[in-house]
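Written out below as structure tokens is the structure these notes cover.
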Amino acid sequence: NAGVTQTPKFRVLKTGQSMTLLCAQDMNHEYMYWYRQDPGMGLRLIHYSVGEGTTAKGEVPDGYNVSRLKKQNFLLGLESAAPSQTSVYFCASSAPGTGDIQYFGAGTRLSVL
Amino acid sequence: SQQGEEDPQALSIQEGENATMNCSYKTSINNLQWYRQNSGRGLVHLILIRSNEREKHSGRLRVTLDTSKKSSSLLITASRAADTASYFCATIWNQGAQKLVFGQGTRLTINP
């Protein structure tokens, strides 16, 4: 049972390039989340989804887009990367009615030059 | 702004000692959770305490919650080198949004 899998693990982009981060979960969870973690800070929520075909903005959504076409996948897109988006990105999933205990992927370390 | 704030930001103790870290939050909550993050890894859920509970145990972990003070503490007893990690508290708003808000974390180092 893989849990939450994020790809890629590392990526270096140039300013203005685009990329998509993929998150896949095999726990049949309804809810999925994208966070970013910057040095010395906790996790900040970028976008989240409460079900297939639905997405919503979190605390820091600017510069990112997401899609949840399949229940098991949650994609995070950067259309025009900026140095301020250099961060570690974490995906998580949870099931309703469990107190929202979240299960995290191992993270994607992104550098934007 | 972040809901939870952990204190201290960093803690270094000797193996075998107990480690206590605290979390304060701002608004009403349904529950409070603690997570651990090993260096370079994702967060792992440790324990959840509901707003109507005052104390909860799980192995060497003891969590307390004081809703009147909007604070929680995590105690790790008989610490081990493997406990070296960052610890985060997280709260879920009771407005119905299924979102966790994390504090900045406490970096715990266990010295052999």
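Residues are referred to by chain and number: the chain letter is A, B, ... according to the order shown in the structure tokens, the number counts from 1 in that chain, and ligands are numbered separately from 1 in the order shown.
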*Taking only C-alpha atoms into account, what are the residues of chain B at most 8 Å from chain A, put as a list in words?*
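Result, ordered by chain then number: Asn31, Gln33, Gly40, Arg41, Gly42, Leu43, Val44, His45, Leu48, Phe88, Ile92, Gln98, Lys99, Leu100, Val101, Phe102, Gly103, Gln104 and Gly105 of chain B.
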*Per DSSP on the backbone, what are the strand (DSSP E or B) residues of chain B, as a ChimeraX atom specification?*
/B:5-7,10-14,19-24,29-37,43-50,55-58,61-66,71-76,85-93,100-102,106-111
*Separation of CA of Val112 (chain A) and CA of Phe10 (chain A), in Å?*
11.3 Å
*Nearest residue to Leu21 (chain A) from the set A:Gly53, A:Gly63, A:Gly77, A:Gly3 (distances using only C-alpha atoms)*: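 Checking each of A:Gly53, A:Gly63, A:Gly77, A:Gly3 against Leu21 (chain A), counting only C-alpha atoms, the winner is A:Gly77.
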_List the spatial neighbours of Ala2 (chain A) as a list in words - criterion: any atom at most 10 Å away, only C-alpha atoms, same-chain residues fewer than 3 positions off excluded._
Thr5, Ala24, Gln25, Asp26, Met27 and Gly105 of chain A
Could you save the residues just selected, with N, CA, C and O atoms, as an mmCIF file, in the first residue's frame?
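Writing the result to selection.cif gives the following:
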```cif
data_model
loop_
_atom_site.group_PDB
_atom_site.id
_atom_site.type_symbol
_atom_site.label_atom_id
_atom_site.label_comp_id
_atom_site.auth_asym_id
_atom_site.auth_seq_id
_atom_site.Cartn_x
_atom_site.Cartn_y
_atom_site.Cartn_z
ATOM 1 N N THR A 5 1.713 9.342 -3.083
ATOM 2 C CA THR A 5 2.935 9.373 -3.884
ATOM 3 C C THR A 5 3.011 10.668 -4.658
ATOM 4 O O THR A 5 2.046 11.049 -5.340
ATOM 5 N N ALA A 24 -0.726 11.254 -6.203
ATOM 6 C CA ALA A 24 -1.613 10.103 -6.345
ATOM 7 C C ALA A 24 -1.769 9.421 -4.995
ATOM 8 O O ALA A 24 -0.794 9.218 -4.284
ATOM 9 N N GLN A 25 -3.019 9.085 -4.645
ATOM 10 C CA GLN A 25 -3.268 8.357 -3.395
ATOM 11 C C GLN A 25 -4.110 7.120 -3.689
ATOM 12 O O GLN A 25 -5.000 7.140 -4.548
ATOM 13 N N ASP A 26 -3.790 6.052 -2.945
ATOM 14 C CA ASP A 26 -4.479 4.781 -3.187
ATOM 15 C C ASP A 26 -5.337 4.374 -2.002
ATOM 16 O O ASP A 26 -5.626 3.187 -1.810
ATOM 17 N N MET A 27 -5.757 5.355 -1.198
ATOM 18 C CA MET A 27 -6.550 5.074 -0.002
ATOM 19 C C MET A 27 -8.026 5.420 -0.193
ATOM 20 O O MET A 27 -8.796 5.384 0.765
ATOM 21 N N GLY A 105 2.463 12.897 1.419
ATOM 22 C CA GLY A 105 3.498 12.383 0.555
ATOM 23 C C GLY A 105 4.862 12.837 1.051
ATOM 24 O O GLY A 105 4.977 13.587 2.025
#
```
*Between CA of Leu113 (chain A) and CA of Glu79 (chain A), distance in Å (one decimal)*: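 Taking CA of Leu113 (chain A) and CA of Glu79 (chain A), their separation equals 15.0 Å.
Atom to atom, CA of Tyr35 (chain A) and CA of Lys70 (chain A) stand 19.4 Å apart.
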